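Here is the structure we will look at.
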There are 2 protein chains.
Amino acid sequence: MVSIKDIARKAGVSISTVSYALNGSPKVTDETSAKILAIAKELNYVPNAAARNLKKRETKIIGAFLTDFSGAFYGELLQGMKEGVNRSGYDLIVCSGKQSHLLLPQRMIDGAIILDATFSNEELLKFADLGHKLVVMDRDLDHPNVNQVLLDNKAGATLATEYLIEMGHRKLYVVTGPKDSFDSRQRLQAVKQTVGRIPDIEYIEIEGDFNKSAGELAGKRIAQEYSGPVAVFCLNDEMAIGMYDYLATTDFRVGRDIHLIGFDNIEVSGYTKPRLATIDYSKRKWGMLASEQLIKLIAGDDVDHERIYVTLVKGDSVGQL
Amino acid sequence: MVSIKDIARKAGVSISTVSYALNGSPKVTDETSAKILAIAKELNYVPNAAARNLKKRETKIIGAFLTDFSGAFYGELLQGMKEGVNRSGYDLIVCSGKQSHLLLPQRMIDGAIILDATFSNEELLKFADLGHKLVVMDRDLDHPNVNQVLLDNKAGATLATEYLIEMGHRKLYVVTGPKDSFDSRQRLQAVKQTVGRIPDIEYIEIEGDFNKSAGELAGKRIAQEYSGPVAVFCLNDEMAIGMYDYLATTDFRVGRDIHLIGFDNIEVSGYTKPRLATIDYSKRKWGMLASEQLIKLIAGDDVDHERIYVTLVKGDSVGQL
DNA sequence: TTGTACGCGTTATCAG
DNA sequence: CTGATAACGCGTACAA
């Protein structure tokens, strides 16, 4: 590999002069500087990241950590993050899985955006204590080195629940996410609060895990105990889609017998017929804001926690009772 | 940050002893080794990646480069890659965008898997010439440091075309991908070959770009010039979905008036009604194979180019004429 | 077990 | 005011 040493030799100067020239320091004549730059280009010189990182103690790379790569959901989110970090001269890498957790303490990245259930709160707090900067998008974590950019889950779940009630429904199933999911817990709490304010609502909870299969299973159970029109709030769209899928194999019709609403407004939800009612928010904005907050945190600015607002998307999957 | 120096001081030994102990070298007494490990754990020691990379001239990280993060498509593919690299002690990072191209020559990663149109062939060949190891999944590139793991586009496009012909169709539209897409060109070529073997086929080409909007536009045009049942081969599912979408706003019915087949078998394709006919392949296997090939290449093994086989998924989006 | 020379840039200090 | 010398940063691994 070509290093500054090679350039220095070829240019007949010292390595420090090369370094200064490459970094645009005014300590070098324009003439020598030009010569050095020309040689660098000619030799396809690219500075070795390890050497530079070692000295500068920064990598200008931000890591985004995801529970898995599968979410149809992540595209816009990551796009938003990338725009956010690039704007400040950082690069974004996307990681998943326990093995990649080390990238942070190894100082391979300057900070991390967490949307990844494989991190425990304790682990993150340990990182924060060691001085690493974090933005969390999937939990409530209080630490000077951690900023939160969270969805307004409570508002969303409240909107969804109120919509079902407004449409005349009085028997309500909720299909939850995994018990350890922050989003699920927040949404569930809001549902309970909303339902609690209305008398005479029959409320049934089914435990899910945010995967399609859980929606199918829940659909099966609801079909079995069916005795009249019911409303179902799946706490994410993926499960709602699973339920859709299952119900399509039965005689029950979504929007007539079983009234369905989800959360996230993922792409497929726009293609179901009837259209799945859901809760929408800008995934791109969410990602961008998270990355901007992280960069501020790294720069030493102090930042407040942020909240992403959500809106209701009506759909014929919920009919008037 | 805590370094081996801190550990050495606390343990009352030299830094080299610490290094040996941490690396499990037999050159250190079990006793001292145990003491050192205990101190390391106590201090939350994690080796600095930059320093280690600098010396070892490897990072044990593989980069996967994508044109963008949006493909609903990438989930399984990346999962496959991750499994493949983790198995050999490597880590996977996912990158997108021109700025991240530098990660390779900077030696931030030990090799790259390319599925990214923002890399030109020249750029990749330059990297290969400089000794970097690459696997390409989206082009035909011949170089000792480059391995190809490609879809069997020709088989897929032939299967699709023959299916349409078998179902009795004789007027065939093809909606292409971008002109510079390798997959699009290969698929198109196979279509032409297949069509060429059958007399009396009316064949019309519409230029697309693999995005949903291109499918909508093409659908609009086909609807305008409609004079009787036609078959349409969208060279990827995304465009087929776009066309579906548009046709749903018209009186034309997919599978009766306009017969549609795609390529990729993305998730949404399973939710259209009638089901979109398409070409399927294991995205997970594709990703895993690509990563395995790259790791072999890095290890210096010599590897042959690989091909991923495809199958036809029939669907009622194509009816018998 | 330990001293030490690396790897490759960065930058403070010093000489011309 | 230009440019060279040298001391880092932090692990690794050879020689002693």
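Naming works like this for the structure tokens: A, B, ... for the chains as they're shown, residue 1 at the start of each chain, ligands 1 onward in shown order.
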(message) I need the contact residues of chain A against chain B, so if you could list those with any atom within 7 Å, counting only C-alpha atoms, and return them as a ChimeraX atom specification, that would help.
(response) /A:46-51,53-54,69-72,75-76,78-79,91-95,99-100,105-108,268
(request) Could you please select, counting only C-alpha atoms (C1' of nucleotides), the residues of chain C within 8 Å of chain A and state them as an MDAnalysis selection string? (result) chainID C and resid 7:10
Write the selection just made, keeping C-alpha atoms (C1' of nucleotides), as a CSV table (one decimal), in the first residue's frame?
chain,number,residue,atom,x,y,z
C,7,DG,C1',2.5,0.0,11.6
C,8,DC,C1',1.2,5.1,9.5
C,9,DG,C1',-0.3,9.5,10.1
C,10,DT,C1',-0.4,14.0,13.0
(message) Report as a PyMOL selection string all protein, DNA and RNA residues lying within 8 Å of Phe182 in chain B, evaluated on only C-alpha atoms (C1' of nucleotides), omitting residues in the same chain fewer than 6 positions from it.
(response) chain B and resi 138-140
Give me the chain D side of the contact with chain B, cut-off 12 Å, one line per residue showing its nearest atom pair and distance in Å at one decimal, counting only C-alpha atoms (C1' of nucleotides), sorted by chain and residue number, as JSON lines.
{"residue": "D:DG9", "atom": "C1'", "partner": "B:Ala51", "partner_atom": "CA", "distance": 7.7}
{"residue": "D:DC10", "atom": "C1'", "partner": "B:Ala51", "partner_atom": "CA", "distance": 4.8}
{"residue": "D:DG11", "atom": "C1'", "partner": "B:Arg52", "partner_atom": "CA", "distance": 5.3}
{"residue": "D:DT12", "atom": "C1'", "partner": "B:Lys55", "partner_atom": "CA", "distance": 6.4}
{"residue": "D:DA13", "atom": "C1'", "partner": "B:Ser16", "partner_atom": "CA", "distance": 8.7}
{"residue": "D:DC14", "atom": "C1'", "partner": "B:Ser16", "partner_atom": "CA", "distance": 11.3}
If you run DSSP on this backbone, which residues of range 15-239 of chain B come out as strand (DSSP E or B), and could you give them as an mmCIF file with C-alpha atoms, in the first residue's frame?
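For reference, states-v4.cif as written:
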data_model
loop_
_atom_site.group_PDB
_atom_site.id
_atom_site.type_symbol
_atom_site.label_atom_id
_atom_site.label_comp_id
_atom_site.auth_asym_id
_atom_site.auth_seq_id
_atom_site.Cartn_x
_atom_site.Cartn_y
_atom_site.Cartn_z
ATOM 1 C CA ILE B 61 -14.847 -6.420 8.987
ATOM 2 C CA ILE B 62 -16.626 -6.944 5.706
ATOM 3 C CA GLY B 63 -18.568 -4.155 4.054
ATOM 4 C CA ALA B 64 -21.747 -4.709 2.110
ATOM 5 C CA PHE B 65 -22.502 -1.862 -0.267
ATOM 6 C CA LEU B 66 -26.040 -1.167 -1.402
ATOM 7 C CA ASP B 91 -18.266 -8.643 11.263
ATOM 8 C CA LEU B 92 -20.592 -7.163 8.658
ATOM 9 C CA ILE B 93 -21.294 -3.494 8.163
ATOM 10 C CA VAL B 94 -23.750 -2.168 5.619
ATOM 11 C CA CYS B 95 -22.948 0.988 3.698
ATOM 12 C CA SER B 96 -24.537 3.105 1.052
ATOM 13 C CA GLY B 111 -13.243 -6.696 1.656
ATOM 14 C CA ALA B 112 -16.466 -5.580 0.048
ATOM 15 C CA ILE B 113 -19.611 -7.089 -1.335
ATOM 16 C CA ILE B 114 -20.985 -4.909 -4.070
ATOM 17 C CA LEU B 115 -24.637 -4.558 -4.945
ATOM 18 C CA LEU B 134 -14.378 -7.908 -3.858
ATOM 19 C CA VAL B 135 -17.478 -9.911 -4.558
ATOM 20 C CA VAL B 136 -19.845 -8.409 -7.098
ATOM 21 C CA HIS B 143 -10.273 -9.845 -12.168
ATOM 22 C CA VAL B 146 -13.020 -10.174 -7.832
ATOM 23 C CA ASN B 147 -15.495 -12.981 -7.516
ATOM 24 C CA GLN B 148 -18.943 -12.944 -9.045
ATOM 25 C CA VAL B 149 -22.031 -14.296 -7.334
ATOM 26 C CA LEU B 150 -24.792 -13.587 -9.777
ATOM 27 C CA LEU B 151 -28.423 -14.403 -10.173
ATOM 28 C CA LYS B 171 -48.659 -9.790 -27.445
ATOM 29 C CA LEU B 172 -45.905 -9.105 -24.985
ATOM 30 C CA TYR B 173 -44.748 -5.912 -23.315
ATOM 31 C CA VAL B 174 -41.504 -5.826 -21.416
ATOM 32 C CA VAL B 175 -40.812 -3.046 -18.926
ATOM 33 C CA GLU B 202 -45.835 -8.964 -31.005
ATOM 34 C CA TYR B 203 -43.114 -7.630 -28.781
ATOM 35 C CA ILE B 204 -43.003 -4.115 -27.336
ATOM 36 C CA GLU B 205 -40.338 -2.674 -25.065
ATOM 37 C CA ILE B 206 -40.977 0.063 -22.516
ATOM 38 C CA VAL B 230 -51.777 -8.399 -23.410
ATOM 39 C CA ALA B 231 -49.047 -9.907 -21.322
ATOM 40 C CA VAL B 232 -46.538 -7.741 -19.468
ATOM 41 C CA PHE B 233 -43.216 -8.822 -18.077
ATOM 42 C CA CYS B 234 -41.928 -6.227 -15.633
#
(request) Work out how far apart CA of Asp237 in chain B and CA of Pro199 in chain B are and give it in Å to one decimal. (result) 27.6 Å
(message) Using DSSP secondary structure from the backbone, list all alpha helix (DSSP H) positions within range 5-237 of chain B, as a ChimeraX atom specification.
(response) /B:5-11,15-22,30-42,49-56,74-86,121-129,153-166,182-196,212-224,237
(message) At a cut-off of 10 Å, using only C-alpha atoms (C1' of nucleotides), what residues contact DT4 in chain C? Leave out same-chain residues fewer than 2 positions from it and give the result as a PyMOL selection string.
(response) (chain C and resi 2+6) or (chain D and resi 14-15)
Given the selection you just returned, output its residues as a file containing N, CA and C atoms (P, O5', C5', C4', C3', O3' and C1' of nucleotides), formatted as a compact mmCIF listing (two decimals), in the first residue's frame.
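Below you can see result.txt, which holds the result:
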# COMPACT_ATOMS: atom_id res chain seq x y z
P DT C 2 7.38 -8.89 33.32
O5' DT C 2 8.44 -8.32 32.30
C5' DT C 2 9.81 -8.27 32.67
C4' DT C 2 10.63 -7.72 31.53
C3' DT C 2 10.14 -6.38 30.98
O3' DT C 2 11.26 -5.52 30.89
C1' DT C 2 10.48 -7.90 29.22
P DC C 6 12.30 -1.14 13.18
O5' DC C 6 11.07 -0.13 13.52
C5' DC C 6 10.02 0.05 12.60
C4' DC C 6 9.05 -1.12 12.66
C3' DC C 6 7.73 -0.78 12.00
O3' DC C 6 7.63 -1.45 10.78
C1' DC C 6 7.41 -1.67 14.23
P DC D 14 6.78 -13.07 15.79
O5' DC D 14 8.31 -12.75 15.45
C5' DC D 14 8.65 -11.53 14.76
C4' DC D 14 9.89 -10.92 15.38
C3' DC D 14 10.95 -11.95 15.80
O3' DC D 14 12.24 -11.52 15.39
C1' DC D 14 10.40 -10.55 17.63
P DA D 15 13.51 -12.48 15.58
O5' DA D 15 14.34 -11.77 16.74
C5' DA D 15 14.58 -10.36 16.67
C4' DA D 15 15.24 -9.89 17.96
C3' DA D 15 16.38 -10.79 18.43
O3' DA D 15 17.43 -9.96 18.92
C1' DA D 15 14.69 -10.71 20.11
